[in-house]
$ cat start.csv   # CSV, C-alpha atoms
chain,number,residue,atom,x,y,z
A,1,MET,CA,270.0,113.4,78.0
A,2,SER,CA,268.4,111.1,80.7
A,3,ALA,CA,270.0,108.0,82.1
A,4,THR,CA,267.6,105.8,80.1
A,5,THR,CA,267.8,107.5,76.8
A,6,THR,CA,269.3,105.7,73.8
A,7,ILE,CA,271.0,107.6,71.1
A,8,THR,CA,269.1,106.9,67.9
A,9,GLU,CA,269.8,109.8,65.6
A,10,THR,CA,271.5,109.0,62.3
A,11,VAL,CA,275.1,110.3,62.0
A,12,GLN,CA,277.1,110.6,58.8
A,13,VAL,CA,280.0,108.2,58.9
A,14,GLN,CA,283.3,108.6,57.1
A,15,ARG,CA,284.9,105.2,56.6
A,16,GLU,CA,288.3,105.2,58.2
A,17,SER,CA,289.4,102.1,56.3
A,18,LYS,CA,288.1,99.6,53.8
A,19,ALA,CA,287.8,95.9,54.7
A,20,ASN,CA,289.9,94.1,52.2
A,21,PRO,CA,290.8,90.4,52.5
A,22,LEU,CA,294.0,91.0,50.5
A,23,ASP,CA,295.2,93.7,53.0
A,24,VAL,CA,298.4,92.5,54.6
A,25,GLY,CA,297.2,94.0,57.9
A,26,ARG,CA,294.0,91.9,58.1
A,27,LEU,CA,294.4,88.4,59.4
A,28,ARG,CA,293.8,85.6,57.1
A,29,LEU,CA,294.3,82.8,59.6
A,30,ASP,CA,295.5,80.4,57.0
A,31,GLY,CA,299.0,79.9,58.1
A,32,THR,CA,300.5,82.7,56.1
A,33,ASP,CA,299.9,85.7,58.4
A,34,ASN,CA,302.7,88.1,59.3
A,35,THR,CA,304.1,88.2,62.9
A,36,PHE,CA,302.7,91.0,65.0
A,37,GLY,CA,304.2,90.3,68.5
A,38,ASP,CA,300.8,90.3,70.2
A,39,PHE,CA,297.7,88.1,70.7
A,40,ARG,CA,297.3,87.9,66.9
A,41,ASP,CA,300.2,85.5,66.7
A,42,ASP,CA,298.4,83.2,69.1
A,43,LEU,CA,295.2,83.5,67.2
A,44,ALA,CA,296.9,82.7,63.8
A,45,ARG,CA,298.8,79.7,65.2
A,46,ASP,CA,296.2,78.2,67.6
A,47,GLY,CA,292.8,79.4,66.3
A,48,PHE,CA,292.2,81.1,69.7
A,49,ALA,CA,293.8,83.7,71.9
A,50,VAL,CA,293.4,85.5,75.3
A,51,VAL,CA,293.7,89.3,75.3
A,52,LYS,CA,294.8,89.9,78.9
A,53,GLY,CA,293.1,92.8,80.7
A,54,ALA,CA,291.0,94.0,77.8
A,55,ILE,CA,288.8,95.5,80.6
A,56,PRO,CA,290.4,96.6,83.9
A,57,ARG,CA,289.8,94.0,86.6
A,58,GLU,CA,287.8,96.2,88.9
A,59,ARG,CA,285.5,97.3,86.2
A,60,ALA,CA,285.0,93.7,85.1
A,61,LEU,CA,284.0,92.7,88.6
A,62,LYS,CA,281.6,95.7,88.7
A,63,TYR,CA,280.0,94.3,85.5
A,64,ALA,CA,279.7,90.9,87.2
A,65,GLY,CA,277.9,92.7,90.0
A,66,ASP,CA,275.6,94.2,87.5
A,67,MET,CA,274.8,90.7,86.2
A,68,HIS,CA,274.0,89.6,89.8
A,69,SER,CA,271.8,92.6,90.3
A,70,TRP,CA,269.9,91.9,87.1
A,71,LEU,CA,269.1,88.4,88.3
A,72,GLU,CA,268.2,89.6,91.8
A,73,GLY,CA,265.9,92.2,90.2
A,74,PHE,CA,263.4,89.5,89.2
A,75,ASP,CA,262.6,89.1,93.0
A,76,LEU,CA,262.3,85.4,92.7
A,77,GLY,CA,264.6,84.6,95.6
A,78,TYR,CA,268.0,84.5,94.0
A,79,ASP,CA,270.8,85.8,96.4
A,80,ARG,CA,274.3,86.3,95.0
A,81,ASN,CA,275.7,85.4,98.4
A,82,ASP,CA,273.9,82.0,98.7
A,83,LEU,CA,274.5,79.4,96.0
A,84,SER,CA,271.6,77.4,97.4
A,85,THR,CA,269.3,80.0,95.8
A,86,VAL,CA,270.5,79.0,92.3
A,87,HIS,CA,267.5,77.2,91.0
A,88,LYS,CA,265.4,77.5,87.9
A,89,ASP,CA,262.3,78.5,90.0
A,90,ARG,CA,264.3,81.5,91.4
A,91,LEU,CA,265.9,82.7,88.2
A,92,PRO,CA,264.9,83.8,84.7
A,93,ILE,CA,265.3,81.1,82.0
A,94,ILE,CA,269.0,80.1,81.7
A,95,ASN,CA,269.8,76.9,79.9
A,96,GLU,CA,272.1,74.1,81.0
A,97,LYS,CA,275.0,75.8,79.1
A,98,GLY,CA,274.5,79.0,81.0
A,99,MET,CA,273.0,81.0,78.1
A,100,CYS,CA,270.3,83.6,78.8
A,101,LEU,CA,268.8,84.9,75.5
A,102,HIS,CA,265.5,86.7,76.4
A,103,TYR,CA,264.1,89.4,78.7
A,104,GLY,CA,265.8,92.2,76.8
A,105,VAL,CA,269.1,91.2,78.5
A,106,THR,CA,271.1,91.4,75.3
A,107,HIS,CA,270.5,95.2,75.3
A,108,GLU,CA,270.9,96.0,79.0
A,109,ASN,CA,273.0,99.1,79.5
A,110,PHE,CA,275.8,97.1,81.2
A,111,VAL,CA,276.0,94.7,78.2
A,112,TRP,CA,276.4,97.7,75.9
A,113,GLU,CA,279.0,99.2,78.1
A,114,ILE,CA,281.0,96.0,77.8
A,115,ARG,CA,280.5,95.8,74.0
A,116,SER,CA,281.9,99.4,73.7
A,117,GLU,CA,284.9,99.0,76.0
A,118,PRO,CA,287.9,100.3,74.1
A,119,GLY,CA,290.1,97.4,74.9
A,120,VAL,CA,287.5,94.9,73.6
A,121,VAL,CA,286.7,96.8,70.3
A,122,SER,CA,290.4,97.6,69.6
A,123,ALA,CA,291.3,93.8,69.6
A,124,PHE,CA,288.8,93.2,66.7
A,125,GLU,CA,290.0,96.4,65.0
A,126,LYS,CA,293.5,94.9,65.0
A,127,VAL,CA,292.4,91.5,63.6
A,128,TYR,CA,290.4,93.1,60.8
A,129,ASN,CA,292.7,96.2,60.3
A,130,ASP,CA,289.4,98.1,60.1
A,131,ASN,CA,287.8,100.6,62.5
A,132,ASP,CA,284.3,100.4,60.9
A,133,LEU,CA,282.9,97.5,62.8
A,134,ILE,CA,279.4,96.2,63.8
A,135,VAL,CA,278.8,94.0,66.9
A,136,SER,CA,276.5,91.1,67.6
A,137,PHE,CA,273.6,91.2,70.1
A,138,ASP,CA,274.6,87.9,71.4
A,139,ALA,CA,273.8,86.0,74.6
A,140,ILE,CA,274.8,86.4,78.2
A,141,ASN,CA,276.4,83.5,80.1
A,142,PHE,CA,275.4,82.8,83.8
A,143,GLY,CA,277.4,79.7,84.4
A,144,PHE,CA,276.5,78.5,87.9
A,145,PRO,CA,278.3,75.4,89.4
A,146,ASN,CA,276.7,72.1,90.5
A,147,ARG,CA,273.2,72.7,89.1
A,148,THR,CA,271.0,69.6,89.6
A,149,ASP,CA,267.8,71.4,88.6
A,150,LEU,CA,268.7,71.4,84.9
A,151,PRO,CA,269.8,68.7,82.4
A,152,PRO,CA,273.6,68.0,82.5
A,153,ASN,CA,275.7,70.2,80.3
A,154,LYS,CA,277.2,67.6,78.1
A,155,PRO,CA,280.0,68.4,75.7
A,156,TRP,CA,278.8,69.4,72.2
A,157,PRO,CA,282.0,69.9,70.2
A,158,HIS,CA,281.2,72.0,67.1
A,159,GLN,CA,282.3,74.8,64.8
A,160,ASP,CA,280.1,77.8,64.1
A,161,GLN,CA,280.7,78.0,60.4
A,162,ASP,CA,279.2,76.3,57.4
A,163,PRO,CA,281.8,73.8,56.0
A,164,ALA,CA,280.6,74.8,52.5
A,165,LYS,CA,282.0,78.3,53.1
A,166,PRO,CA,285.6,77.8,54.0
A,167,GLY,CA,288.3,80.3,55.1
A,168,PHE,CA,288.3,82.8,57.9
A,169,ARG,CA,284.8,84.4,58.0
A,170,CYS,CA,284.0,85.1,61.6
A,171,LEU,CA,285.9,85.9,64.9
A,172,GLN,CA,284.0,84.9,68.0
A,173,GLY,CA,284.7,86.4,71.4
A,174,LEU,CA,283.6,86.6,75.0
A,175,VAL,CA,284.5,88.9,77.9
A,176,ASN,CA,285.2,86.9,81.0
A,177,LEU,CA,284.1,88.7,84.2
A,178,LEU,CA,285.0,86.3,87.1
A,179,PRO,CA,288.1,84.3,88.0
A,180,ASN,CA,288.0,81.3,85.7
A,181,GLY,CA,290.5,78.5,86.4
A,182,PRO,CA,291.0,75.0,85.1
A,183,ASP,CA,288.0,73.5,86.9
A,184,ASP,CA,285.7,76.6,86.9
A,185,GLY,CA,283.9,75.7,83.6
A,186,GLY,CA,284.1,77.7,80.4
A,187,LEU,CA,285.6,77.5,77.0
A,188,ILE,CA,287.2,74.3,75.6
A,189,VAL,CA,289.0,74.6,72.3
A,190,CYS,CA,290.8,72.3,69.9
A,191,ARG,CA,294.2,74.0,69.4
A,192,GLY,CA,295.0,74.4,65.8
A,193,GLY,CA,291.7,73.1,64.6
A,194,HIS,CA,291.0,76.1,62.3
A,195,LEU,CA,294.0,75.1,60.1
A,196,LEU,CA,292.6,71.5,59.9
A,197,SER,CA,289.1,72.6,58.9
A,198,GLU,CA,289.3,72.3,55.1
A,199,ASP,CA,291.1,68.9,55.2
A,200,PHE,CA,288.7,67.7,57.8
A,201,HIS,CA,285.6,68.5,55.8
A,202,ARG,CA,287.1,67.1,52.6
A,203,ASP,CA,288.0,63.8,54.3
A,204,MET,CA,284.7,63.6,56.2
A,205,ALA,CA,282.4,64.7,53.3
A,206,ASP,CA,280.5,61.4,53.5
A,207,GLU,CA,279.8,61.8,57.2
A,208,GLU,CA,276.1,62.2,58.0
A,209,ARG,CA,275.8,65.6,59.8
A,210,ILE,CA,274.3,66.1,63.2
A,211,PRO,CA,271.0,67.9,62.6
A,212,ALA,CA,271.2,71.7,63.2
A,213,TRP,CA,268.9,74.6,62.9
A,214,THR,CA,271.4,76.5,60.7
A,215,PRO,CA,274.1,75.4,58.2
A,216,GLU,CA,276.4,77.7,60.1
A,217,TRP,CA,276.7,75.0,62.8
A,218,TYR,CA,278.6,71.8,62.4
A,219,GLY,CA,278.7,69.2,65.2
A,220,PHE,CA,281.6,66.8,65.5
A,221,THR,CA,280.7,63.1,65.8
A,222,GLU,CA,282.9,60.4,67.5
A,223,ARG,CA,284.4,59.7,64.1
A,224,GLY,CA,285.1,63.4,63.6
A,225,MET,CA,286.7,63.6,67.0
A,226,LYS,CA,289.0,60.7,66.2
A,227,TRP,CA,290.0,62.4,62.9
A,228,LEU,CA,290.9,65.5,64.9
A,229,ALA,CA,293.0,63.5,67.4
A,230,ASP,CA,294.7,61.6,64.6
A,231,HIS,CA,295.7,64.9,63.0
A,232,GLY,CA,297.1,66.5,66.0
A,233,GLY,CA,294.1,68.3,67.4
A,234,PHE,CA,294.5,69.0,71.1
A,235,TRP,CA,291.6,69.9,73.3
A,236,GLU,CA,292.3,72.3,76.2
A,237,LYS,CA,290.5,74.5,78.7
A,238,VAL,CA,291.0,78.2,78.3
A,239,CYS,CA,291.6,79.9,81.7
A,240,ALA,CA,291.0,83.6,82.2
A,241,GLU,CA,290.9,86.4,84.8
A,242,PRO,CA,288.2,89.1,85.1
A,243,GLY,CA,288.5,91.5,82.2
A,244,ASP,CA,290.2,89.1,79.8
A,245,LEU,CA,288.8,88.8,76.3
A,246,LEU,CA,288.8,85.3,74.7
A,247,LEU,CA,288.8,85.1,70.9
A,248,TRP,CA,288.5,82.2,68.6
A,249,ASP,CA,288.1,81.5,64.8
A,250,SER,CA,284.6,80.2,64.1
A,251,ARG,CA,286.2,77.2,62.4
A,252,THR,CA,288.0,76.2,65.7
A,253,PRO,CA,286.2,73.3,67.3
A,254,HIS,CA,284.9,74.3,70.7
A,255,TYR,CA,282.3,73.8,73.4
A,256,ASN,CA,281.8,74.8,77.1
A,257,LEU,CA,281.7,72.9,80.3
A,258,SER,CA,280.1,73.7,83.7
A,259,SER,CA,282.2,74.5,86.8
A,260,LYS,CA,283.3,71.7,89.1
A,261,THR,CA,284.1,74.1,91.9
A,262,GLN,CA,282.0,76.7,93.8
A,263,GLN,CA,283.1,79.4,91.4
A,264,PRO,CA,280.4,80.7,89.0
A,265,ARG,CA,281.4,81.7,85.5
A,266,PHE,CA,280.0,85.0,84.1
A,267,ALA,CA,280.7,86.1,80.5
A,268,ILE,CA,279.3,88.4,77.8
A,269,TYR,CA,279.6,87.1,74.2
A,270,THR,CA,281.1,89.8,71.9
A,271,CYS,CA,281.6,89.3,68.2
A,272,TYR,CA,282.4,92.1,65.7
A,273,MET,CA,282.9,92.2,61.9
A,274,PRO,CA,283.6,94.9,59.4
A,275,VAL,CA,280.5,96.7,58.3
A,276,ALA,CA,281.8,96.3,54.8
A,277,ASP,CA,281.1,92.5,55.1
A,278,ALA,CA,277.4,93.3,55.7
A,279,THR,CA,274.7,94.1,53.1
A,280,GLN,CA,272.2,97.0,53.5
A,281,ASP,CA,269.6,94.3,54.1
A,282,ASP,CA,271.7,93.0,56.9
A,283,LEU,CA,271.9,96.5,58.4
A,284,LEU,CA,268.2,97.1,58.1
A,285,ARG,CA,267.5,93.8,59.8
A,286,LYS,CA,270.0,94.6,62.5
A,287,LYS,CA,268.4,98.1,63.0
A,288,ASP,CA,265.0,96.3,63.5
A,289,ALA,CA,266.6,93.9,66.1
A,290,PHE,CA,268.1,96.8,68.0
A,291,GLU,CA,264.9,98.8,68.0
A,292,ARG,CA,262.9,95.8,69.3
A,293,ARG,CA,265.7,95.1,71.8
A,294,VAL,CA,266.0,91.4,70.7
A,295,GLY,CA,269.2,89.4,70.3
A,296,THR,CA,271.0,87.8,67.5
A,297,THR,CA,273.4,84.9,67.2
A,298,HIS,CA,277.2,85.6,67.3
A,299,TRP,CA,277.0,86.7,63.6
A,300,PRO,CA,277.1,90.6,63.7
A,301,ASN,CA,275.3,90.8,60.4
A,302,ALA,CA,272.1,89.6,62.2
A,303,LYS,CA,271.2,86.8,59.7
A,304,HIS,CA,269.1,85.4,62.6
A,305,THR,CA,267.3,87.5,65.2
A,306,GLY,CA,265.7,86.3,68.4
A,307,SER,CA,262.8,87.0,70.7
A,308,ASN,CA,262.3,88.3,74.3
A,309,ILE,CA,259.6,85.7,74.9
A,310,ALA,CA,261.1,82.9,77.1
A,311,LYS,CA,259.3,79.7,77.7
A,312,ARG,CA,258.9,78.3,81.2
A,313,ASP,CA,257.3,74.8,81.5
A,314,GLU,CA,256.3,75.2,77.8
A,315,GLN,CA,254.3,78.3,78.5
A,316,ASP,CA,255.3,82.0,78.1
A,317,CYS,CA,257.4,82.9,81.1
A,318,PRO,CA,255.3,85.1,83.4
A,319,TYR,CA,258.4,87.2,84.1
A,320,ASN,CA,259.0,88.0,80.5
A,321,ARG,CA,260.2,91.5,79.6
A,322,LEU,CA,260.2,93.1,76.2
A,323,ARG,CA,262.6,95.9,77.1
A,324,PRO,CA,265.7,96.1,79.2
A,325,VAL,CA,265.4,97.3,82.8
A,326,ASN,CA,268.1,99.9,82.0
A,327,GLU,CA,267.9,101.1,78.4
A,328,PRO,CA,271.3,101.4,76.7
A,329,VAL,CA,273.0,104.8,76.7
A,330,LEU,CA,275.3,104.7,73.7
A,331,SER,CA,278.3,106.9,72.9
A,332,GLU,CA,278.8,107.8,69.2
A,333,ARG,CA,281.3,105.0,68.9
A,334,ALA,CA,278.9,102.4,70.5
A,335,PHE,CA,276.0,103.6,68.2
A,336,LYS,CA,278.2,102.9,65.2
A,337,LEU,CA,278.5,99.3,66.4
A,338,THR,CA,274.7,98.9,65.9
A,339,GLY,CA,275.2,99.4,62.2
A,340,ILE,CA,272.5,102.0,62.0
A,341,PRO,CA,274.7,104.9,61.0
A,342,TYR,CA,275.9,102.9,57.9
A,343,ILE,CA,272.4,102.5,56.5
A,344,VAL,CA,272.1,104.4,53.2
A,345,ASP,CA,268.7,106.1,52.8
$ encode --input "start.csv" --output "structure tokens"
Amino acid sequence: MSATTTITETVQVQRESKANPLDVGRLRLDGTDNTFGDFRDDLARDGFAVVKGAIPRERALKYAGDMHSWLEGFDLGYDRNDLSTVHKDRLPIINEKGMCLHYGVTHENFVWEIRSEPGVVSAFEKVYNDNDLIVSFDAINFGFPNRTDLPPNKPWPHQDQDPAKPGFRCLQGLVNLLPNGPDDGGLIVCRGGHLLSEDFHRDMADEERIPAWTPEWYGFTERGMKWLADHGGFWEKVCAEPGDLLLWDSRTPHYNLSSKTQQPRFAIYTCYMPVADATQDDLLRKKDAFERRVGTTHWPNAKHTGSNIAKRDEQDCPYNRLRPVNEPVLSERAFKLTGIPYIVD
């Protein structure tokens, strides 16, 4: 098999376990979970957790190097060793929050290598008590400090879950690839906010919602932020080392901030769910996204799929790519994460 070949053959899959919300081993994140003696206790209590060393540090730094190389490969003048070259004219389209969604980047081989890292996948297997998972084709984060060429990255506190569909439904995650201290930008969470969610939305039912492109996004207004504060919600910056996996319940209010130092923040968003929670239509849509090498949101069931056509100055970016530079080379385990082997003919 060549270095640019993607495994696409269908394999017969024997389910190792069944996803079951009543299974005592699957987290409910409702205040009634058992004690496990690991990161799951933090997740249950706080609505977020840091899995230390999910990827060995040196390998994580190598992945960060791959991200630099990908940016330099556009030949627009970006140089990893010179922060003065961080400018929108020398980079692919990256928004003020650090997100890069196009150019086939969500299917670059190094991204798939991170998604299939055993220490990353196993964390989600423990949360769901299920080995049959699918993964999102989510964004990449290139968070550079002190950018004046983009609009400011203002806080946008939100939860990524429809208030009309309560309970634990989705576990979000990101793999951190560079040192990320208190002032280096990154994830801000409201500790314990997941357990406040139902009460919040009951009390705030009359609040006019901030417009959003999907009902699976809810933005917190000033009144909402006051409610959280009045009910013990505490906002904090999550710090991490290269290779750490950050997890949070989609009901947990969160946002990200840009670095105030000279330290960039690089991260790969990784979200998994049991394939049993996806329909056959979901899997077919996911297969199409994989084959076209386009991204999805953080929802692994691919309810929404993206495009590789970025816009630059309201025109198609002249540097657009429809395929990755390095096509993914998938192990059998990684191929299962696409969802394709679970499609019933």
$ atom_distance --input "start.csv" --atom1 "atom CA of Thr85 of chain A" --atom2 "atom CA of Cys100 of chain A"
17.4 Å
$ residues_around --input "start.csv" --residues "Thr214 of chain A" --least-positions-apart "5" --cutoff "10 Å" --atoms "only C-alpha atoms" --output "number ranges by chain"
A: 160-162, 304
$ closest_residue --input "start.csv" --among "A:Ser258, A:Gln280, A:Thr32, A:Thr270" --to "Lys154 of chain A" --atoms "all atoms listed in the file"
A:Ser258
$ closest_residue --input "start.csv" --among "A:Asp132, A:Asp244, A:Glu222, A:Asp138" --to "Arg333 of chain A" --atoms "all atoms listed in the file"
A:Asp132
$ closest_atom_pairs --input "start.csv" --of "segment 202-247 of chain A" --to "segment 33-57 of chain A" --cutoff "6 Å" --atoms "only C-alpha atoms" --output "CSV"
residue,atom,partner,partner_atom,distance
A:Pro242,CA,A:Arg57,CA,5.4
A:Gly243,CA,A:Ile55,CA,4.3
A:Asp244,CA,A:Lys52,CA,4.8
A:Leu245,CA,A:Val51,CA,5.0
A:Leu246,CA,A:Val50,CA,4.6
A:Leu247,CA,A:Ala49,CA,5.3
$ closest_residue --input "start.csv" --among "A:Ile343, A:Val189, A:Leu150, A:Ile114" --to "Ala60 of chain A" --atoms "all atoms listed in the file"
A:Ile114
$ closest_residue --input "start.csv" --among "A:Gln172, A:Val105, A:Leu27, A:Ile94" --to "Ser307 of chain A" --atoms "all atoms listed in the file"
A:Val105
$ closest_residue --input "start.csv" --among "A:Glu58, A:Asp282, A:Glu72, A:Glu216" --to "His158 of chain A" --atoms "all atoms listed in the file"
A:Glu216
